[in-house]
Amino acid sequence: AVERTLSIIKPDATARNLTGAINKMFEDAGLRIVAQKRIQLTPAQAGQFYAVHAERPFYGELCDFMASAPVVVQVLEGESAVARNREVMGATNPAEAAEGTVRKAFALSIGENSVHGSDSAENAAIEIAFFFSGLELVG
Ligand code: CMP
């Protein structure tokens, strides 16, 4: 089925001018960017987005990192977009990411791993609504 998923190009990637290169990898994989904006999160906003990780030891570090430079938040649409996007991103830890994936190509570490993508269609709907109104999604 055609789905939508929430993608974030993270501070380590925007800082290195990789937005276009990463977008090309998504588009080449058959994903359409139906909404996109560059924003600067506060640590509190990052914390709200990643609330499910609040008990993890790396939560503070994660929130500070996500607020350290601009991010590009985007909605990707396509056939099985959640799974397709996760394939293109590669494993969370770049040391385990497959050749040809975004994280293999660009990630610096498990924290500075260049991209985020929703892990399920259910979470995608929640994460899209966190950043975008319906009027901003242009398929
Ligand atoms: P993401 O897909 O954005 O979802 C949660 C993020 O937490 C994950 O990518 C990683 O960037 C980050 N993360 C996971 N494990 C660690 C860790 N051990 N240290 C720092 N950050 C981590």
# chains A, B, ... in the order shown; residues from 1 in each chain; ligands from 1
>>> residues_near_ligand(ligand="ligand 1", cutoff="10 Å", atoms="only C-alpha atoms and all ligand atoms", output="short mmCIF file (atom, residue, chain, number, x, y, z; two decimals) with all heavy atoms, in the first residue's frame")
data_model
loop_
_atom_site.label_atom_id
_atom_site.label_comp_id
_atom_site.auth_asym_id
_atom_site.auth_seq_id
_atom_site.Cartn_x
_atom_site.Cartn_y
_atom_site.Cartn_z
N SER A 7 10.59 11.58 8.12
CA SER A 7 12.04 11.50 8.02
C SER A 7 12.65 12.78 8.58
O SER A 7 12.07 13.87 8.42
CB SER A 7 12.42 11.34 6.54
OG SER A 7 13.80 11.56 6.33
N ILE A 8 13.77 12.66 9.26
CA ILE A 8 14.53 13.84 9.71
C ILE A 8 15.97 13.71 9.23
O ILE A 8 16.62 12.69 9.48
CB ILE A 8 14.54 13.98 11.25
CG1 ILE A 8 13.12 13.98 11.82
CG2 ILE A 8 15.28 15.26 11.65
CD1 ILE A 8 13.07 14.08 13.35
N ILE A 9 16.45 14.74 8.53
CA ILE A 9 17.87 14.85 8.21
C ILE A 9 18.50 15.59 9.39
O ILE A 9 18.13 16.72 9.70
CB ILE A 9 18.10 15.56 6.87
CG1 ILE A 9 17.37 14.78 5.74
CG2 ILE A 9 19.60 15.68 6.57
CD1 ILE A 9 17.49 15.41 4.37
N LYS A 10 19.40 14.90 10.11
CA LYS A 10 19.85 15.33 11.43
C LYS A 10 20.97 16.38 11.34
O LYS A 10 21.58 16.58 10.28
CB LYS A 10 20.32 14.11 12.22
CG LYS A 10 19.20 13.11 12.53
CD LYS A 10 19.69 12.04 13.51
CE LYS A 10 18.61 11.03 13.82
NZ LYS A 10 19.05 10.07 14.88
N PHE A 49 9.70 15.15 21.03
CA PHE A 49 9.65 14.25 19.87
C PHE A 49 10.15 12.86 20.25
O PHE A 49 9.58 11.84 19.82
CB PHE A 49 10.49 14.80 18.71
CG PHE A 49 10.51 13.90 17.52
CD1 PHE A 49 9.42 13.83 16.67
CD2 PHE A 49 11.60 13.08 17.26
CE1 PHE A 49 9.40 12.96 15.58
CE2 PHE A 49 11.60 12.21 16.18
CZ PHE A 49 10.50 12.15 15.34
N TYR A 50 11.23 12.79 21.03
CA TYR A 50 11.85 11.50 21.39
C TYR A 50 11.39 11.01 22.77
O TYR A 50 12.11 10.24 23.41
CB TYR A 50 13.37 11.63 21.37
CG TYR A 50 14.00 11.53 19.99
CD1 TYR A 50 14.75 12.57 19.46
CD2 TYR A 50 13.88 10.37 19.21
CE1 TYR A 50 15.35 12.48 18.20
CE2 TYR A 50 14.47 10.27 17.96
CZ TYR A 50 15.21 11.32 17.46
OH TYR A 50 15.79 11.21 16.23
N VAL A 52 9.56 8.77 23.82
CA VAL A 52 9.57 7.31 24.04
C VAL A 52 10.95 6.83 24.52
O VAL A 52 11.05 5.76 25.11
CB VAL A 52 9.09 6.52 22.80
CG1 VAL A 52 8.72 7.42 21.66
CG2 VAL A 52 10.08 5.51 22.30
N HIS A 53 12.00 7.63 24.27
CA HIS A 53 13.35 7.24 24.70
C HIS A 53 13.75 7.90 26.03
O HIS A 53 14.93 7.86 26.40
CB HIS A 53 14.38 7.61 23.63
CG HIS A 53 14.20 6.86 22.34
ND1 HIS A 53 14.16 5.49 22.28
CD2 HIS A 53 14.05 7.29 21.06
CE1 HIS A 53 14.00 5.11 21.01
NE2 HIS A 53 13.92 6.18 20.26
N ARG A 56 16.08 6.19 28.42
CA ARG A 56 17.36 5.65 27.92
C ARG A 56 18.54 6.50 28.41
O ARG A 56 18.41 7.72 28.55
CB ARG A 56 17.38 5.65 26.39
CG ARG A 56 16.24 4.90 25.74
CD ARG A 56 16.49 3.41 25.67
NE ARG A 56 15.52 2.82 24.75
CZ ARG A 56 15.84 2.43 23.51
NH1 ARG A 56 17.08 2.53 23.07
NH2 ARG A 56 14.91 1.93 22.73
N PRO A 57 19.69 5.87 28.63
CA PRO A 57 20.85 6.62 29.14
C PRO A 57 21.33 7.71 28.17
O PRO A 57 21.93 8.70 28.60
CB PRO A 57 21.93 5.54 29.32
CG PRO A 57 21.47 4.37 28.52
CD PRO A 57 19.97 4.43 28.50
N PHE A 58 21.04 7.55 26.87
CA PHE A 58 21.53 8.51 25.88
C PHE A 58 20.53 9.63 25.59
O PHE A 58 20.76 10.46 24.70
CB PHE A 58 21.90 7.79 24.57
CG PHE A 58 20.79 6.97 23.96
CD1 PHE A 58 19.79 7.56 23.20
CD2 PHE A 58 20.75 5.60 24.14
CE1 PHE A 58 18.77 6.81 22.64
CE2 PHE A 58 19.74 4.83 23.58
CZ PHE A 58 18.74 5.45 22.83
N TYR A 59 19.40 9.68 26.34
CA TYR A 59 18.32 10.63 26.02
C TYR A 59 18.80 12.10 26.05
O TYR A 59 18.51 12.86 25.11
CB TYR A 59 17.18 10.43 27.01
CG TYR A 59 15.98 11.32 26.82
CD1 TYR A 59 15.19 11.25 25.67
CD2 TYR A 59 15.60 12.23 27.81
CE1 TYR A 59 14.06 12.05 25.52
CE2 TYR A 59 14.48 13.03 27.66
CZ TYR A 59 13.72 12.94 26.52
OH TYR A 59 12.61 13.73 26.37
N GLY A 60 19.52 12.48 27.08
CA GLY A 60 19.98 13.87 27.19
C GLY A 60 20.90 14.26 26.04
O GLY A 60 20.76 15.31 25.42
N GLU A 61 21.81 13.35 25.76
CA GLU A 61 22.76 13.54 24.65
C GLU A 61 22.01 13.64 23.31
O GLU A 61 22.31 14.50 22.47
CB GLU A 61 23.70 12.32 24.65
CG GLU A 61 24.85 12.32 23.68
CD GLU A 61 25.56 10.95 23.70
OE1 GLU A 61 25.61 10.30 24.77
OE2 GLU A 61 26.02 10.53 22.64
N LEU A 62 21.01 12.78 23.13
CA LEU A 62 20.21 12.78 21.90
C LEU A 62 19.48 14.11 21.73
O LEU A 62 19.50 14.70 20.64
CB LEU A 62 19.22 11.61 21.97
CG LEU A 62 18.16 11.48 20.88
CD1 LEU A 62 18.81 11.28 19.51
CD2 LEU A 62 17.21 10.32 21.19
N CYS A 63 18.86 14.61 22.80
CA CYS A 63 18.11 15.87 22.72
C CYS A 63 19.05 17.04 22.44
O CYS A 63 18.73 17.91 21.61
CB CYS A 63 17.32 16.10 24.00
SG CYS A 63 16.07 14.83 24.28
N PHE A 65 21.97 16.93 20.95
CA PHE A 65 22.45 16.80 19.57
C PHE A 65 21.40 17.28 18.57
O PHE A 65 21.71 18.03 17.64
CB PHE A 65 22.83 15.33 19.29
CG PHE A 65 23.02 15.04 17.83
CD1 PHE A 65 24.01 15.69 17.09
CD2 PHE A 65 22.21 14.12 17.18
CE1 PHE A 65 24.18 15.43 15.73
CE2 PHE A 65 22.38 13.86 15.82
CZ PHE A 65 23.36 14.52 15.09
N MET A 66 20.15 16.87 18.76
CA MET A 66 19.10 17.23 17.79
C MET A 66 18.82 18.73 17.77
O MET A 66 18.25 19.24 16.81
CB MET A 66 17.83 16.43 18.07
CG MET A 66 17.95 14.95 17.80
SD MET A 66 18.35 14.53 16.08
CE MET A 66 16.78 14.90 15.26
N ARG A 86 13.40 2.78 5.75
CA ARG A 86 14.33 2.15 6.70
C ARG A 86 15.42 1.37 5.96
O ARG A 86 16.57 1.33 6.42
CB ARG A 86 13.56 1.28 7.70
CG ARG A 86 12.67 2.14 8.60
CD ARG A 86 11.90 1.33 9.62
NE ARG A 86 12.75 0.82 10.67
CZ ARG A 86 13.21 1.54 11.69
NH1 ARG A 86 12.92 2.83 11.78
NH2 ARG A 86 13.95 0.98 12.61
N MET A 89 17.86 4.04 4.75
CA MET A 89 18.65 4.60 5.86
C MET A 89 19.77 3.66 6.28
O MET A 89 20.86 4.10 6.60
CB MET A 89 17.75 4.85 7.08
CG MET A 89 16.81 6.02 6.92
SD MET A 89 16.15 6.53 8.53
CE MET A 89 15.25 5.07 9.01
N ALA A 91 21.18 0.45 9.00
CA ALA A 91 21.13 0.20 10.44
C ALA A 91 21.46 1.45 11.25
O ALA A 91 22.25 2.29 10.81
CB ALA A 91 22.11 -0.91 10.81
N THR A 92 20.86 1.55 12.46
CA THR A 92 21.07 2.70 13.35
C THR A 92 22.56 2.94 13.59
O THR A 92 23.03 4.08 13.55
CB THR A 92 20.38 2.45 14.71
OG1 THR A 92 18.99 2.21 14.46
CG2 THR A 92 20.53 3.63 15.64
N ASN A 93 23.30 1.86 13.84
CA ASN A 93 24.75 1.95 14.05
C ASN A 93 25.44 1.88 12.69
O ASN A 93 25.36 0.85 12.01
CB ASN A 93 25.19 0.79 14.94
CG ASN A 93 26.68 0.85 15.25
OD1 ASN A 93 27.42 1.62 14.64
ND2 ASN A 93 27.10 0.05 16.20
N PRO A 94 26.12 2.95 12.26
CA PRO A 94 26.72 2.94 10.92
C PRO A 94 27.71 1.79 10.71
O PRO A 94 27.91 1.35 9.57
CB PRO A 94 27.40 4.30 10.81
CG PRO A 94 27.47 4.84 12.19
CD PRO A 94 26.34 4.21 12.96
N ALA A 107 26.85 8.52 8.01
CA ALA A 107 26.76 8.60 9.48
C ALA A 107 28.14 8.57 10.11
O ALA A 107 29.06 7.89 9.62
CB ALA A 107 25.89 7.47 10.02
N SER A 109 28.48 8.19 13.73
CA SER A 109 28.42 7.36 14.94
C SER A 109 26.97 6.96 15.16
O SER A 109 26.08 7.43 14.43
CB SER A 109 28.93 8.15 16.14
OG SER A 109 28.04 9.22 16.42
N ILE A 110 26.72 6.15 16.20
CA ILE A 110 25.34 5.73 16.48
C ILE A 110 24.46 6.92 16.84
O ILE A 110 23.26 6.92 16.56
CB ILE A 110 25.31 4.63 17.56
CG1 ILE A 110 23.94 3.96 17.62
CG2 ILE A 110 25.73 5.17 18.91
CD1 ILE A 110 23.95 2.64 18.37
N GLY A 111 25.03 7.95 17.44
CA GLY A 111 24.26 9.15 17.77
C GLY A 111 24.17 10.10 16.58
O GLY A 111 23.09 10.52 16.18
N GLU A 112 25.32 10.41 16.00
CA GLU A 112 25.37 11.30 14.83
C GLU A 112 25.18 10.45 13.58
O GLU A 112 26.13 10.22 12.82
CB GLU A 112 26.70 12.06 14.80
CG GLU A 112 26.86 13.01 15.98
CD GLU A 112 28.14 13.82 15.91
OE1 GLU A 112 29.23 13.22 15.87
OE2 GLU A 112 28.04 15.06 15.86
N ASN A 113 23.93 9.97 13.41
CA ASN A 113 23.70 8.97 12.36
C ASN A 113 22.86 9.51 11.20
O ASN A 113 22.23 8.74 10.48
CB ASN A 113 23.14 7.68 12.95
CG ASN A 113 21.76 7.85 13.56
OD1 ASN A 113 21.27 8.96 13.67
ND2 ASN A 113 21.13 6.74 13.92
N SER A 114 22.89 10.83 11.03
CA SER A 114 22.47 11.52 9.79
C SER A 114 20.98 11.57 9.51
O SER A 114 20.51 12.54 8.92
CB SER A 114 23.20 10.95 8.55
OG SER A 114 24.59 11.05 8.71
N VAL A 115 20.23 10.52 9.85
CA VAL A 115 18.80 10.48 9.53
C VAL A 115 18.01 9.76 10.61
O VAL A 115 18.53 8.88 11.30
CB VAL A 115 18.52 9.80 8.17
CG1 VAL A 115 18.84 10.72 7.01
CG2 VAL A 115 19.26 8.47 8.04
N HIS A 116 16.75 10.15 10.72
CA HIS A 116 15.75 9.41 11.51
C HIS A 116 14.62 9.03 10.58
O HIS A 116 14.28 9.78 9.67
CB HIS A 116 15.18 10.30 12.64
CG HIS A 116 13.91 9.75 13.23
ND1 HIS A 116 13.92 8.80 14.22
CD2 HIS A 116 12.61 9.97 12.94
CE1 HIS A 116 12.67 8.47 14.52
NE2 HIS A 116 11.85 9.18 13.75
N GLY A 117 14.01 7.88 10.81
CA GLY A 117 12.81 7.49 10.08
C GLY A 117 11.85 6.78 11.00
O GLY A 117 12.28 6.02 11.89
N SER A 118 10.56 7.00 10.83
CA SER A 118 9.54 6.35 11.66
C SER A 118 9.71 4.83 11.58
O SER A 118 10.06 4.29 10.55
CB SER A 118 8.14 6.71 11.17
OG SER A 118 7.97 8.10 11.08
N ASP A 119 9.42 4.15 12.72
CA ASP A 119 9.61 2.69 12.76
C ASP A 119 8.35 1.90 12.49
O ASP A 119 8.39 0.67 12.44
CB ASP A 119 10.27 2.26 14.07
CG ASP A 119 9.39 2.54 15.28
OD1 ASP A 119 8.24 2.99 15.12
OD2 ASP A 119 9.87 2.28 16.41
#
>>> residues_around(residues="Glu136 of chain A", least_positions_apart="4", cutoff="9 Å", atoms="only C-alpha atoms", output="PyMOL selection string")
chain A and resi 34-36+132
>>> select_by_dssp(residues="segment 10-120 of chain A", states="alpha helix (DSSP H)", output="mmCIF file with N, CA and C atoms, in the first residue's frame")
data_model
loop_
_atom_site.group_PDB
_atom_site.id
_atom_site.type_symbol
_atom_site.label_atom_id
_atom_site.label_comp_id
_atom_site.auth_asym_id
_atom_site.auth_seq_id
_atom_site.Cartn_x
_atom_site.Cartn_y
_atom_site.Cartn_z
ATOM 1 N N PRO A 11 21.276 17.032 12.491
ATOM 2 C CA PRO A 11 22.275 18.113 12.506
ATOM 3 C C PRO A 11 23.631 17.748 11.910
ATOM 4 N N ASP A 12 24.109 16.522 12.121
ATOM 5 C CA ASP A 12 25.438 16.183 11.568
ATOM 6 C C ASP A 12 25.418 16.242 10.048
ATOM 7 N N ALA A 13 24.260 15.934 9.451
ATOM 8 C CA ALA A 13 24.141 15.921 7.987
ATOM 9 C C ALA A 13 23.858 17.311 7.425
ATOM 10 N N THR A 14 22.971 18.084 8.059
ATOM 11 C CA THR A 14 22.728 19.445 7.544
ATOM 12 C C THR A 14 24.000 20.275 7.656
ATOM 13 N N ALA A 15 24.783 20.046 8.727
ATOM 14 C CA ALA A 15 26.021 20.814 8.928
ATOM 15 C C ALA A 15 27.040 20.533 7.830
ATOM 16 N N THR A 19 21.991 17.601 2.658
ATOM 17 C CA THR A 19 20.541 17.504 2.448
ATOM 18 C C THR A 19 20.216 17.033 1.027
ATOM 19 N N GLY A 20 20.849 17.644 0.040
ATOM 20 C CA GLY A 20 20.551 17.283 -1.353
ATOM 21 C C GLY A 20 20.954 15.855 -1.670
ATOM 22 N N ALA A 21 22.126 15.435 -1.192
ATOM 23 C CA ALA A 21 22.609 14.070 -1.468
ATOM 24 C C ALA A 21 21.677 13.033 -0.841
ATOM 25 N N ILE A 22 21.202 13.317 0.372
ATOM 26 C CA ILE A 22 20.301 12.373 1.045
ATOM 27 C C ILE A 22 18.937 12.370 0.360
ATOM 28 N N ASN A 23 18.440 13.551 -0.002
ATOM 29 C CA ASN A 23 17.160 13.598 -0.728
ATOM 30 C C ASN A 23 17.249 12.806 -2.028
ATOM 31 N N LYS A 24 18.376 12.880 -2.719
ATOM 32 C CA LYS A 24 18.522 12.129 -3.976
ATOM 33 C C LYS A 24 18.441 10.619 -3.706
ATOM 34 N N MET A 25 19.038 10.170 -2.604
ATOM 35 C CA MET A 25 18.969 8.740 -2.283
ATOM 36 C C MET A 25 17.512 8.320 -2.019
ATOM 37 N N PHE A 26 16.756 9.173 -1.318
ATOM 38 C CA PHE A 26 15.340 8.855 -1.077
ATOM 39 C C PHE A 26 14.573 8.825 -2.401
ATOM 40 N N GLU A 27 14.764 9.835 -3.227
ATOM 41 C CA GLU A 27 14.013 9.910 -4.495
ATOM 42 C C GLU A 27 14.399 8.760 -5.417
ATOM 43 N N ASP A 28 15.685 8.418 -5.455
ATOM 44 C CA ASP A 28 16.126 7.301 -6.297
ATOM 45 C C ASP A 28 15.519 5.980 -5.830
ATOM 46 N N PRO A 43 16.103 22.016 22.718
ATOM 47 C CA PRO A 43 16.248 20.719 23.394
ATOM 48 C C PRO A 43 14.910 20.192 23.925
ATOM 49 N N ALA A 44 14.046 21.095 24.394
ATOM 50 C CA ALA A 44 12.740 20.658 24.919
ATOM 51 C C ALA A 44 11.871 20.062 23.818
ATOM 52 N N GLN A 45 11.881 20.682 22.633
ATOM 53 C CA GLN A 45 11.107 20.135 21.507
ATOM 54 C C GLN A 45 11.664 18.787 21.068
ATOM 55 N N ALA A 46 12.998 18.670 21.031
ATOM 56 C CA ALA A 46 13.612 17.387 20.678
ATOM 57 C C ALA A 46 13.206 16.330 21.706
ATOM 58 N N GLY A 47 13.180 16.725 22.969
ATOM 59 C CA GLY A 47 12.794 15.808 24.029
ATOM 60 C C GLY A 47 11.362 15.340 23.907
ATOM 61 N N GLN A 48 10.493 16.248 23.472
ATOM 62 C CA GLN A 48 9.088 15.880 23.265
ATOM 63 C C GLN A 48 8.972 14.888 22.102
ATOM 64 N N PHE A 49 9.699 15.154 21.029
ATOM 65 C CA PHE A 49 9.654 14.246 19.874
ATOM 66 C C PHE A 49 10.150 12.855 20.250
ATOM 67 N N TYR A 59 19.399 9.683 26.337
ATOM 68 C CA TYR A 59 18.319 10.634 26.023
ATOM 69 C C TYR A 59 18.798 12.095 26.050
ATOM 70 N N GLY A 60 19.522 12.480 27.078
ATOM 71 C CA GLY A 60 19.978 13.869 27.190
ATOM 72 C C GLY A 60 20.898 14.255 26.040
ATOM 73 N N GLU A 61 21.814 13.346 25.756
ATOM 74 C CA GLU A 61 22.758 13.537 24.649
ATOM 75 C C GLU A 61 22.010 13.645 23.310
ATOM 76 N N LEU A 62 21.015 12.785 23.131
ATOM 77 C CA LEU A 62 20.211 12.776 21.903
ATOM 78 C C LEU A 62 19.484 14.112 21.734
ATOM 79 N N CYS A 63 18.857 14.609 22.801
ATOM 80 C CA CYS A 63 18.109 15.869 22.717
ATOM 81 C C CYS A 63 19.047 17.041 22.440
ATOM 82 N N ASP A 64 20.187 17.079 23.108
ATOM 83 C CA ASP A 64 21.151 18.160 22.872
ATOM 84 C C ASP A 64 21.669 18.121 21.439
ATOM 85 N N PHE A 65 21.969 16.928 20.950
ATOM 86 C CA PHE A 65 22.449 16.795 19.569
ATOM 87 C C PHE A 65 21.401 17.277 18.569
ATOM 88 N N MET A 66 20.149 16.867 18.761
ATOM 89 C CA MET A 66 19.105 17.225 17.791
ATOM 90 C C MET A 66 18.822 18.731 17.773
ATOM 91 N N ALA A 81 6.286 2.871 2.293
ATOM 92 C CA ALA A 81 7.270 3.938 2.552
ATOM 93 C C ALA A 81 8.016 3.751 3.872
ATOM 94 N N VAL A 82 7.362 3.240 4.911
ATOM 95 C CA VAL A 82 8.036 3.076 6.202
ATOM 96 C C VAL A 82 9.215 2.111 6.054
ATOM 97 N N ALA A 83 8.950 0.943 5.492
ATOM 98 C CA ALA A 83 10.002 -0.073 5.331
ATOM 99 C C ALA A 83 11.034 0.352 4.284
ATOM 100 N N ARG A 84 10.564 0.953 3.205
ATOM 101 C CA ARG A 84 11.466 1.391 2.133
ATOM 102 C C ARG A 84 12.465 2.413 2.681
ATOM 103 N N ASN A 85 11.940 3.372 3.446
ATOM 104 C CA ASN A 85 12.819 4.396 4.013
ATOM 105 C C ASN A 85 13.836 3.765 4.967
ATOM 106 N N ARG A 86 13.404 2.783 5.753
ATOM 107 C CA ARG A 86 14.328 2.153 6.699
ATOM 108 C C ARG A 86 15.420 1.373 5.963
ATOM 109 N N GLU A 87 15.053 0.774 4.816
ATOM 110 C CA GLU A 87 16.067 0.104 3.992
ATOM 111 C C GLU A 87 17.108 1.108 3.495
ATOM 112 N N VAL A 88 16.632 2.246 3.004
ATOM 113 C CA VAL A 88 17.556 3.242 2.443
ATOM 114 C C VAL A 88 18.424 3.857 3.536
ATOM 115 N N MET A 89 17.863 4.035 4.745
ATOM 116 C CA MET A 89 18.652 4.600 5.855
ATOM 117 C C MET A 89 19.770 3.657 6.276
ATOM 118 N N VAL A 102 22.167 5.309 3.435
ATOM 119 C CA VAL A 102 22.516 6.669 3.869
ATOM 120 C C VAL A 102 23.500 6.616 5.030
ATOM 121 N N ARG A 103 23.218 5.760 6.009
ATOM 122 C CA ARG A 103 24.087 5.747 7.201
ATOM 123 C C ARG A 103 25.464 5.174 6.894
ATOM 124 N N LYS A 104 25.539 4.181 5.985
ATOM 125 C CA LYS A 104 26.861 3.691 5.572
ATOM 126 C C LYS A 104 27.652 4.815 4.908
ATOM 127 N N ALA A 105 26.957 5.588 4.071
ATOM 128 C CA ALA A 105 27.644 6.638 3.311
ATOM 129 C C ALA A 105 28.038 7.824 4.199
ATOM 130 N N PHE A 106 27.185 8.201 5.159
ATOM 131 C CA PHE A 106 27.347 9.508 5.799
ATOM 132 C C PHE A 106 27.406 9.518 7.321
#
>>> atom_distance(atom1="atom CA of Gln40 of chain A", atom2="atom CA of Pro70 of chain A")
4.4 Å
>>> closest_residue(among="A:Ile39, A:Ile126, A:Leu31, A:Val138", to="Val71 of chain A", atoms="only C-alpha atoms")
A:Ile39
>>> atom_distance(atom1="atom CA of Val75 of chain A", atom2="atom CA of Leu18 of chain A")
17.4 Å
>>> select_by_dssp(residues="segment 10-130 of chain A", states="strand (DSSP E)", output="PyMOL selection string")
chain A and resi 32-39+71-79+115-117
>>> atom_distance(atom1="atom CA of Glu122 of chain A", atom2="atom CA of Glu3 of chain A")
10.7 Å
